[in-house]
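Enquirer: This is the content of upload-v8.txt (compact mmCIF, C-alpha atoms and all ligand atoms):
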```
# COMPACT_ATOMS: atom_id res chain seq x y z
CA MET A 271 -7.64 -15.80 21.14
CA THR A 272 -5.19 -18.35 19.77
CA ASP A 273 -1.40 -18.22 20.16
CA ARG A 274 -1.08 -19.29 16.55
CA LYS A 275 0.28 -16.69 14.16
CA THR A 276 -1.36 -15.47 10.95
CA ILE A 277 0.60 -16.18 7.79
CA ILE A 278 0.50 -14.57 4.37
CA ARG A 279 -0.04 -17.67 2.26
CA SER A 280 0.12 -15.98 -1.14
CA VAL A 281 0.04 -12.62 -2.89
CA GLY A 282 -1.24 -11.39 -6.25
CA ALA A 283 -1.42 -8.12 -8.15
CA TYR A 284 -3.05 -6.31 -11.02
CA LEU A 285 -1.99 -3.21 -12.94
CA PRO A 286 -4.24 -1.61 -15.57
CA ALA A 287 -3.04 -1.98 -19.18
CA GLN A 288 -2.57 1.70 -19.97
CA VAL A 289 0.88 3.06 -19.10
CA MET A 290 1.50 6.79 -18.80
CA THR A 291 5.16 7.80 -18.97
CA ASN A 292 6.72 10.98 -17.62
CA ASP A 293 7.05 12.19 -21.22
CA ASP A 294 3.30 11.66 -21.69
CA LEU A 295 2.74 13.82 -18.59
CA SER A 296 4.99 16.56 -19.91
CA LYS A 297 2.43 17.08 -22.68
CA ILE A 298 -0.29 17.77 -20.06
CA VAL A 299 1.55 19.87 -17.43
CA ASP A 300 4.79 21.87 -17.28
CA THR A 301 7.13 19.09 -16.18
CA THR A 302 9.97 16.90 -17.45
CA ASP A 303 11.00 13.27 -17.23
CA GLU A 304 14.26 14.48 -15.66
CA TRP A 305 12.50 16.45 -12.84
CA ILE A 306 10.12 13.62 -11.99
CA GLN A 307 12.84 10.95 -11.94
CA GLN A 308 15.25 13.11 -9.96
CA ARG A 309 12.71 14.16 -7.29
CA THR A 310 10.70 10.94 -7.03
CA GLY A 311 12.30 8.01 -8.89
CA ILE A 312 9.06 7.55 -10.85
CA LYS A 313 9.33 6.63 -14.55
CA GLN A 314 5.76 5.64 -15.34
CA ARG A 315 2.35 4.90 -13.84
CA HIS A 316 -0.64 2.76 -14.88
CA ILE A 317 -4.03 4.37 -15.44
CA ALA A 318 -7.33 2.49 -15.16
CA ALA A 319 -9.47 2.43 -18.30
CA GLU A 320 -12.81 4.22 -18.53
CA GLY A 321 -15.34 1.99 -16.76
CA GLU A 322 -12.61 0.06 -14.92
CA ASN A 323 -13.25 0.68 -11.23
CA THR A 324 -11.33 0.07 -8.01
CA SER A 325 -13.40 -3.10 -7.41
CA ASP A 326 -12.29 -4.47 -10.82
CA LEU A 327 -8.63 -3.93 -9.96
CA ALA A 328 -9.18 -5.43 -6.50
CA ALA A 329 -11.01 -8.49 -7.83
CA ALA A 330 -8.29 -9.12 -10.44
CA ALA A 331 -5.54 -8.99 -7.79
CA ALA A 332 -7.59 -11.20 -5.46
CA ARG A 333 -8.09 -13.83 -8.19
CA LYS A 334 -4.31 -13.95 -8.72
CA ALA A 335 -3.65 -14.30 -4.98
CA MET A 336 -6.19 -17.15 -4.70
CA GLU A 337 -4.72 -18.84 -7.80
CA ASN A 338 -1.22 -18.57 -6.26
CA ALA A 339 -2.55 -20.17 -3.05
CA GLY A 340 -4.36 -22.91 -4.96
CA ILE A 341 -7.70 -22.05 -3.34
CA THR A 342 -11.09 -20.76 -4.48
CA ILE A 343 -13.48 -18.15 -3.13
CA ALA A 344 -15.26 -20.92 -1.18
CA ASP A 345 -12.14 -21.04 1.05
CA ILE A 346 -12.36 -17.33 1.96
CA ASP A 347 -14.59 -15.93 4.69
CA LEU A 348 -13.38 -12.34 5.00
CA ILE A 349 -12.60 -9.66 2.42
CA ILE A 350 -10.95 -6.42 3.49
CA VAL A 351 -10.31 -3.76 0.87
CA ALA A 352 -8.02 -0.90 1.83
CA THR A 353 -8.87 1.98 -0.47
CA THR A 354 -9.18 5.75 -0.65
CA THR A 355 -10.94 5.59 -4.01
CA PRO A 356 -14.09 3.47 -3.50
CA ASP A 357 -16.37 2.70 -6.45
CA MET A 358 -19.21 4.42 -4.63
CA THR A 359 -19.70 6.30 -1.37
CA PHE A 360 -21.43 3.14 -0.20
CA PRO A 361 -21.59 0.16 -0.15
CA ALA A 362 -18.03 -0.74 0.73
CA THR A 363 -15.92 -1.60 -2.32
CA ALA A 364 -15.26 -4.92 -0.52
CA ALA A 365 -18.95 -5.77 -0.94
CA VAL A 366 -18.73 -5.14 -4.70
CA VAL A 367 -15.57 -7.27 -4.82
CA GLN A 368 -17.44 -9.99 -2.93
CA GLN A 369 -20.10 -9.99 -5.66
CA LYS A 370 -17.47 -9.98 -8.45
CA LEU A 371 -15.77 -13.00 -6.87
CA GLY A 372 -19.11 -14.82 -6.49
CA MET A 373 -19.09 -14.92 -2.68
CA HIS A 374 -22.36 -14.92 -0.70
CA HIS A 375 -20.93 -16.03 2.64
CA GLY A 376 -18.60 -14.39 5.16
CA ALA A 377 -17.98 -10.70 5.71
CA ALA A 378 -16.58 -7.82 3.67
CA PHE A 379 -15.64 -4.26 4.58
CA ASP A 380 -13.30 -1.42 3.62
CA ILE A 381 -10.51 0.25 5.53
CA GLN A 382 -9.64 3.88 4.92
CA ALA A 383 -6.16 4.74 6.14
CA VAL A 384 -4.97 6.19 2.81
CA CYS A 385 -1.44 5.01 1.92
CA SER A 386 -1.15 3.03 5.18
CA GLY A 387 -4.36 1.14 4.40
CA PHE A 388 -2.76 -2.20 3.54
CA VAL A 389 -0.71 -2.29 6.77
CA TYR A 390 -3.89 -1.42 8.74
CA ALA A 391 -5.76 -4.17 6.83
CA VAL A 392 -3.08 -6.78 7.58
CA ALA A 393 -3.30 -5.86 11.28
CA THR A 394 -7.10 -6.09 11.18
CA ALA A 395 -7.13 -9.49 9.44
CA ASP A 396 -4.45 -10.73 11.85
CA SER A 397 -6.66 -9.86 14.87
CA TYR A 398 -9.84 -11.14 13.20
CA LEU A 399 -8.37 -14.54 12.39
CA LYS A 400 -6.59 -14.95 15.74
CA ASN A 401 -9.89 -14.20 17.49
CA GLY A 402 -11.62 -17.00 15.64
CA LEU A 403 -13.92 -14.78 13.59
CA GLY A 404 -12.89 -16.48 10.36
CA LYS A 405 -10.49 -18.97 8.82
CA ARG A 406 -9.05 -17.21 5.83
CA ALA A 407 -9.00 -13.61 4.57
CA LEU A 408 -8.43 -11.78 1.33
CA VAL A 409 -6.60 -8.57 2.22
CA ILE A 410 -6.54 -6.17 -0.70
CA GLY A 411 -5.09 -2.73 -1.36
CA ALA A 412 -6.70 -1.19 -4.46
CA GLU A 413 -6.78 2.33 -5.86
CA THR A 414 -7.84 4.34 -8.87
CA ALA A 415 -5.88 7.33 -7.57
CA SER A 416 -5.88 8.89 -11.05
CA ARG A 417 -9.55 9.83 -10.48
CA LEU A 418 -8.64 12.04 -7.52
CA LEU A 419 -5.98 14.02 -9.32
CA ASP A 420 -6.10 17.61 -10.49
CA TRP A 421 -4.48 17.12 -13.89
CA THR A 422 -3.52 20.84 -13.99
CA ASP A 423 -1.49 20.60 -10.74
CA ARG A 424 2.02 19.42 -11.59
CA THR A 425 2.97 19.16 -7.92
CA THR A 426 0.58 16.21 -7.38
CA CYS A 427 -0.53 14.69 -10.69
CA VAL A 428 2.94 13.32 -11.50
CA LEU A 429 3.11 11.33 -8.26
CA PHE A 430 0.22 8.84 -8.32
CA GLY A 431 -0.99 5.81 -10.28
CA ASP A 432 -3.62 3.05 -10.26
CA GLY A 433 -3.24 -0.59 -9.24
CA ALA A 434 -4.11 -3.33 -6.79
CA GLY A 435 -2.36 -5.97 -4.72
CA ALA A 436 -3.84 -8.75 -2.61
CA ALA A 437 -2.80 -11.27 0.01
CA VAL A 438 -4.42 -14.46 1.26
CA MET A 439 -4.03 -14.61 5.05
CA GLU A 440 -4.79 -17.58 7.28
CA LEU A 441 -3.79 -19.03 10.66
CA ALA A 442 -0.46 -20.83 10.71
CA LYS A 443 -0.58 -24.54 11.42
CA PRO A 444 -0.14 -25.44 15.12
CA GLY A 445 3.56 -25.26 15.98
CA GLU A 446 4.41 -23.35 12.79
CA GLU A 447 6.65 -20.44 13.83
CA ARG A 448 5.99 -18.09 10.97
CA GLY A 449 3.51 -15.34 10.19
CA VAL A 450 2.85 -11.80 11.45
CA LEU A 451 5.18 -11.34 14.44
CA ALA A 452 4.22 -7.80 15.44
CA THR A 453 2.51 -4.70 14.07
CA ALA A 454 2.60 -1.04 15.05
CA LEU A 455 -0.12 1.32 13.87
CA ARG A 456 -0.08 5.09 14.40
CA SER A 457 -1.96 8.18 13.36
CA ASP A 458 -1.91 11.86 14.22
CA GLY A 459 -4.93 13.71 12.86
CA PHE A 460 -3.35 17.10 13.55
CA HIS A 461 -1.53 16.64 10.24
CA TRP A 462 -4.62 15.95 8.10
CA ASN A 463 -4.42 19.21 6.16
CA LYS A 464 -0.92 18.47 4.82
CA LEU A 465 -2.23 15.70 2.55
CA TYR A 466 -5.94 15.49 1.82
CA VAL A 467 -8.68 15.59 -0.80
CA ASP A 468 -10.57 18.89 -0.92
CA GLY A 469 -13.99 17.31 -1.31
CA GLY A 470 -16.28 14.92 0.51
CA VAL A 471 -19.82 13.72 1.04
CA SER A 472 -20.44 15.57 4.28
CA SER A 473 -18.48 18.74 3.61
CA THR A 474 -18.57 19.85 -0.02
CA ARG A 475 -20.73 17.05 -1.51
CA THR A 476 -18.11 16.75 -4.25
CA ILE A 477 -15.33 14.26 -4.93
CA GLY A 478 -12.48 16.77 -4.78
CA HIS A 479 -8.79 16.54 -5.68
CA VAL A 480 -5.59 15.57 -3.90
CA ARG A 481 -3.93 18.53 -2.19
CA MET A 482 -0.53 18.19 -0.61
CA GLU A 483 2.20 20.15 1.10
CA GLY A 484 4.87 17.92 -0.39
CA LYS A 485 7.77 19.28 1.64
CA GLU A 486 5.83 18.87 4.91
CA VAL A 487 4.95 15.25 4.08
CA PHE A 488 8.56 14.59 3.16
CA LYS A 489 9.80 16.21 6.40
CA HIS A 490 7.70 13.88 8.60
CA ALA A 491 7.87 10.68 6.54
CA VAL A 492 11.31 9.31 7.41
CA GLY A 493 10.92 9.89 11.18
CA MET A 494 7.47 8.30 11.28
CA ILE A 495 8.57 5.28 9.25
CA THR A 496 11.64 4.61 11.38
CA ASP A 497 9.59 5.09 14.59
CA VAL A 498 7.23 2.17 13.81
CA VAL A 499 9.97 0.00 12.31
CA TYR A 500 11.99 0.26 15.54
CA LYS A 501 8.82 -0.38 17.59
CA VAL A 502 8.09 -3.75 15.95
CA LEU A 503 11.78 -4.71 16.07
CA ASP A 504 11.86 -3.91 19.81
CA ASP A 505 8.60 -5.79 20.42
CA THR A 506 10.01 -8.95 18.82
CA GLY A 507 13.63 -8.72 19.99
CA HIS A 508 14.89 -8.42 16.44
CA THR A 509 17.42 -5.97 15.02
CA ILE A 510 17.77 -4.30 11.62
CA GLU A 511 20.52 -6.81 10.77
CA ASP A 512 17.99 -9.66 11.11
CA LEU A 513 15.82 -8.29 8.27
CA ASP A 514 15.97 -10.08 4.93
CA TRP A 515 13.65 -7.66 3.14
CA PHE A 516 12.31 -4.18 3.71
CA VAL A 517 9.14 -3.57 1.69
CA PRO A 518 8.21 0.09 2.12
CA HIS A 519 5.28 2.12 0.84
CA GLN A 520 6.22 3.17 -2.67
CA ALA A 521 5.66 6.94 -2.59
CA ASN A 522 9.00 8.40 -3.48
CA LYS A 523 12.45 6.86 -3.97
CA ARG A 524 14.03 9.68 -1.96
CA ILE A 525 11.84 8.87 1.08
CA ILE A 526 12.62 5.15 0.70
CA ASP A 527 16.35 5.90 0.44
CA GLY A 528 16.17 8.30 3.41
CA ALA A 529 14.48 5.68 5.59
CA GLY A 530 16.95 3.01 4.42
CA VAL A 531 19.95 5.18 5.33
CA LYS A 532 18.51 6.16 8.74
CA LEU A 533 17.80 2.50 9.53
CA GLY A 534 21.22 1.40 8.26
CA LEU A 535 19.72 -0.97 5.69
CA PRO A 536 21.78 -2.09 2.70
CA PRO A 537 19.97 -0.94 -0.50
CA GLU A 538 19.93 -4.51 -1.84
CA LYS A 539 17.52 -5.51 0.97
CA VAL A 540 15.03 -2.78 0.02
CA VAL A 541 12.27 -3.62 -2.49
CA VAL A 542 11.63 -0.69 -4.84
CA THR A 543 8.85 -0.65 -7.46
CA VAL A 544 7.85 3.04 -7.40
CA ASP A 545 9.64 3.58 -10.73
CA LYS A 546 7.15 1.27 -12.48
CA HIS A 547 3.79 2.30 -10.99
CA ALA A 548 4.30 5.55 -8.99
CA ASN A 549 2.43 5.98 -5.69
CA THR A 550 -0.59 3.67 -5.74
CA SER A 551 -1.52 4.52 -2.14
CA ALA A 552 -2.95 1.44 -0.35
CA ALA A 553 -1.97 -0.82 -3.27
CA SER A 554 1.73 0.01 -3.18
CA VAL A 555 2.93 -2.38 -0.44
CA PRO A 556 1.13 -5.48 -1.80
CA LEU A 557 2.29 -4.58 -5.34
CA ALA A 558 5.88 -4.47 -4.09
CA LEU A 559 5.41 -7.69 -2.09
CA ASN A 560 4.03 -9.41 -5.18
CA THR A 561 7.01 -8.31 -7.28
CA ALA A 562 9.57 -9.58 -4.77
CA VAL A 563 7.75 -12.89 -4.22
CA ALA A 564 7.25 -13.45 -7.96
CA ASP A 565 10.91 -12.79 -8.83
CA GLY A 566 12.07 -15.16 -6.08
CA ARG A 567 13.61 -12.61 -3.70
CA ILE A 568 11.17 -13.16 -0.80
CA LYS A 569 11.24 -16.84 0.20
CA ARG A 570 9.64 -18.98 2.90
CA GLY A 571 11.30 -18.27 6.25
CA ASP A 572 12.58 -14.78 5.32
CA LEU A 573 12.08 -11.93 7.79
CA VAL A 574 10.11 -9.21 5.99
CA MET A 575 9.26 -5.72 7.23
CA ILE A 576 6.40 -3.89 5.54
CA GLU A 577 5.72 -0.24 6.30
CA ALA A 578 3.67 2.69 5.06
CA MET A 579 2.94 6.34 5.80
CA GLY A 580 0.32 8.65 4.34
CA GLY A 581 -2.68 10.95 4.73
CA GLY A 582 -4.01 11.54 8.22
CA PHE A 583 -1.11 11.26 8.92
CA THR A 584 -1.30 7.52 9.37
CA TRP A 585 1.68 5.21 9.53
CA GLY A 586 2.47 1.65 10.46
CA ALA A 587 4.76 -1.33 10.10
CA SER A 588 4.44 -5.07 10.37
CA LEU A 589 7.16 -7.68 10.81
CA ILE A 590 6.39 -10.96 9.08
CA ARG A 591 8.22 -14.29 9.11
CA TRP A 592 7.35 -15.32 5.54
O1 LIG A 601 2.17 8.70 0.70
C1 LIG A 601 2.72 9.97 0.87
C2 LIG A 601 2.45 10.73 -0.39
N1 LIG A 601 3.21 11.91 -0.59
C3 LIG A 601 4.52 11.94 -0.78
O2 LIG A 601 5.25 11.00 -0.68
C4 LIG A 601 5.10 13.26 -1.15
C5 LIG A 601 6.28 13.65 -0.36
N2 LIG A 601 6.93 14.82 -0.96
C6 LIG A 601 7.69 14.69 -2.04
O3 LIG A 601 7.90 13.61 -2.53
C7 LIG A 601 8.34 15.94 -2.60
O4 LIG A 601 8.12 17.03 -1.72
C8 LIG A 601 7.81 16.28 -4.02
C9 LIG A 601 8.29 15.25 -5.01
C10 LIG A 601 6.31 16.36 -4.03
C11 LIG A 601 8.39 17.64 -4.45
O5 LIG A 601 9.81 17.63 -4.39
P1 LIG A 601 10.57 18.82 -3.69
O6 LIG A 601 12.02 18.55 -3.84
O7 LIG A 601 10.03 18.96 -2.30
O8 LIG A 601 10.20 20.03 -4.62
P2 LIG A 601 9.50 21.42 -4.23
O9 LIG A 601 8.09 21.21 -3.84
O10 LIG A 601 10.40 22.16 -3.30
O11 LIG A 601 9.54 22.16 -5.61
C12 LIG A 601 10.79 22.55 -6.22
C13 LIG A 601 10.48 23.22 -7.53
C14 LIG A 601 9.42 24.31 -7.43
O12 LIG A 601 9.78 25.34 -8.31
P3 LIG A 601 10.47 26.68 -7.75
O13 LIG A 601 9.49 27.26 -6.77
O14 LIG A 601 11.74 26.24 -7.09
O15 LIG A 601 10.67 27.49 -8.98
C15 LIG A 601 8.18 23.63 -7.93
O16 LIG A 601 7.26 24.55 -8.51
O17 LIG A 601 9.97 22.26 -8.46
C16 LIG A 601 8.75 22.73 -9.02
N3 LIG A 601 7.91 21.63 -9.35
C17 LIG A 601 7.99 20.97 -10.52
N4 LIG A 601 8.77 21.15 -11.59
C18 LIG A 601 8.63 20.30 -12.62
C19 LIG A 601 6.95 21.03 -8.58
N5 LIG A 601 6.41 20.00 -9.25
C20 LIG A 601 7.04 19.93 -10.45
C21 LIG A 601 6.93 19.09 -11.55
N6 LIG A 601 7.73 19.30 -12.61
N7 LIG A 601 6.06 18.06 -11.60
```
The structure given in the file should be rewritten as structure tokens.

Expert:
Amino acid sequence: MTDRKTIIRSVGAYLPAQVMTNDDLSKIVDTTDEWIQQRTGIKQRHIAAEGENTSDLAAAAARKAMENAGITIADIDLIIVATTTPDMTFPATAAVVQQKLGMHHGAAFDIQAVCSGFVYAVATADSYLKNGLGKRALVIGAETASRLLDWTDRTTCVLFGDGAGAAVMELAKPGEERGVLATALRSDGFHWNKLYVDGGVSSTRTIGHVRMEGKEVFKHAVGMITDVVYKVLDDTGHTIEDLDWFVPHQANKRIIDGAGVKLGLPPEKVVVTVDKHANTSAASVPLALNTAVADGRIKRGDLVMIEAMGGGFTWGASLIRW
């Protein structure tokens, strides 16, 4: 194992063309733009077109990330797709992405940690590269969450959207003091029935729909988020004041605000995109990263904390010197 760190060299993102506003939703279920914005901060979400699958979204985001790094698929030897909405039960969506990107070499697999999937995937790629198993990885969070929704259940269907974000990860150059500084991953399966899909290959042999005890998720979210954020800060000797950017999972503006207040973070250091694409599960952190890199907020050398929490429950955070 090398002492060199793993950097995020570039990011990229893709959102499907179709936008569904809160007003559009109010024609389907008994809800209002005012309720959704007040309780969640969400204004709109993107919905994948018929025939547009998770692998299409993932491949589009990956192409952008490679373009932003100035590399081609020949430079990649690992693809990890974090997703809860695979194209098929098997093979892994990462394998389909590999084909779509024209890659015969290397390795490809999926990670299923629901909304925390991207943080889990960053940790996995970090270990993989440091252990010499590859040179460069495409780490993707991609979801067609709209396909798991019960469009008659107003308590869940207003919350989610489709999208994908990707990062190119590689070892830092010798002596380069940037990259992933520390990661904390957690799960507690005793909470699985608070946020789950009521279908599956082995149990019901159906796809199922998202079911959630929203208040229960909310109750646990802020504590779990702050727990892993403090863990990686402690592990690296950093403090909250050192952070330049906090890039949280984009589930709900109230959870993001709650975590920000508990951590004592000024709102201007918190990247918020949930208003534009709702909760895109594993895609939400890389979508937010892409926004803040593209608009010039996150710059080389900045200290960036990513975090996520979701079904399982799973949760995790990673501190990155950009
Ligand atoms: O990655 C993690 C993913 N999950 C989450 O982040 C979800 C976390 N939880 C939440 O964000 C919130 O719990 C929700 C946004 C889901 C709900 O907000 P809440 O403040 O906890 O509302 P509630 O469940 O207590 O419902 C309040 C009222 C209820 O009506 P009554 O019983 O007071 O008459 C609901 O039936 O709001 C009603 N309601 C709605 N009204 C209009 C629930 N959904 C809607 C809706 N439109 N879409």

Enquirer: Residues within 6 Å of ligand LIG 601 (chain A), counting only C-alpha atoms and all ligand atoms: report them as a list of chain:residue names.

Expert: A:Thr301, A:Thr302, A:Trp305, A:Arg309, A:Thr310, A:Cys385, A:Arg424, A:Thr425, A:Val428, A:Gly484, A:Lys485, A:Val487, A:Phe488, A:Ala521, A:Asn522, A:Met579, A:Gly580

Enquirer: Give the answer as one residue: which of A:His508, A:Tyr500, A:Leu429, A:Gly340 has the shortest atom-to-atom distance to Arg481 of chain A, using only C-alpha atoms?

Expert: A:Leu429

Enquirer: Choose the residue, out of A:Ser473, A:Thr453, A:Ser280, A:Thr414, that has the smallest atom-to-atom separation from Ile590 of chain A; count all atoms listed in the file.

Expert: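 Between A:Ser473, A:Thr453, A:Ser280, A:Thr414, the residue approaching Ile590 of chain A most closely is A:Thr453.
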
Enquirer: Which of these, A:Ala328, A:Ala287, A:Ile312, A:Leu455, has the shortest distance to Asp545 of chain A once you count only C-alpha atoms?

Expert: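 Closest to Asp545 of chain A of all the choices is A:Ile312.
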
Enquirer: Expressed in Å to a single decimal, how great is the separation between atom CA of Ile343 of chain A and atom CA of Ala558 of chain A?

Expert: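 Between atom CA of Ile343 of chain A and atom CA of Ala558 of chain A the gap is 23.7 Å.
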
Enquirer: Grab the atom CA of Ala437 of chain A to atom CA of Val502 of chain A distance for me, in Å with one decimal place.

Expert: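 Here the two named atoms are 20.7 Å from each other.
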
Enquirer: From the options A:Leu451, A:Leu399, A:Thr272, A:Gln520, which residue's atoms come nearest to Gly507 of chain A, counting only C-alpha atoms?

Expert: A:Leu451

Enquirer: Give me the residues near Gly470 of chain A as a list of chain:residue names, where near means some atom within 12 Å (using all atoms listed in the file) and where sequence neighbours in that chain fewer than 3 positions away do not count.

Expert: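 Here the qualifying residues turn out to be A:Thr354, A:Thr355, A:Thr359, A:Leu418, A:Tyr466, A:Val467, A:Ser473, A:Thr474, A:Arg475, A:Thr476, A:Ile477, A:Gly478, A:His479, A:Val480.
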
Enquirer: Please determine the residues with any atom at most 12 Å from (18.0, -8.1, 1.3) (coordinates as given in the file, with all atoms listed in the file counting) and report them as an mmCIF file with C-alpha atoms, in the frame of the given file.

Expert:
```cif
data_model
loop_
_atom_site.group_PDB
_atom_site.id
_atom_site.type_symbol
_atom_site.label_atom_id
_atom_site.label_comp_id
_atom_site.auth_asym_id
_atom_site.auth_seq_id
_atom_site.Cartn_x
_atom_site.Cartn_y
_atom_site.Cartn_z
ATOM 1 C CA ILE A 510 17.770 -4.300 11.620
ATOM 2 C CA GLU A 511 20.520 -6.810 10.770
ATOM 3 C CA ASP A 512 17.990 -9.660 11.110
ATOM 4 C CA LEU A 513 15.820 -8.290 8.270
ATOM 5 C CA ASP A 514 15.970 -10.080 4.930
ATOM 6 C CA TRP A 515 13.650 -7.660 3.140
ATOM 7 C CA PHE A 516 12.310 -4.180 3.710
ATOM 8 C CA VAL A 517 9.140 -3.570 1.690
ATOM 9 C CA GLY A 530 16.950 3.010 4.420
ATOM 10 C CA LEU A 535 19.720 -0.970 5.690
ATOM 11 C CA PRO A 536 21.780 -2.090 2.700
ATOM 12 C CA PRO A 537 19.970 -0.940 -0.500
ATOM 13 C CA GLU A 538 19.930 -4.510 -1.840
ATOM 14 C CA LYS A 539 17.520 -5.510 0.970
ATOM 15 C CA VAL A 540 15.030 -2.780 0.020
ATOM 16 C CA VAL A 541 12.270 -3.620 -2.490
ATOM 17 C CA VAL A 542 11.630 -0.690 -4.840
ATOM 18 C CA ALA A 562 9.570 -9.580 -4.770
ATOM 19 C CA GLY A 566 12.070 -15.160 -6.080
ATOM 20 C CA ARG A 567 13.610 -12.610 -3.700
ATOM 21 C CA ILE A 568 11.170 -13.160 -0.800
ATOM 22 C CA LYS A 569 11.240 -16.840 0.200
ATOM 23 C CA ASP A 572 12.580 -14.780 5.320
ATOM 24 C CA LEU A 573 12.080 -11.930 7.790
ATOM 25 C CA VAL A 574 10.110 -9.210 5.990
ATOM 26 C CA MET A 575 9.260 -5.720 7.230
#
```

Enquirer: With distances taken over only C-alpha atoms, which residue among A:Asp357, A:Asp504, A:Asp326, A:Glu447 lies nearest Gly435 of chain A?

Expert: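 Result for the nearest residue to Gly435 of chain A: A:Asp326.
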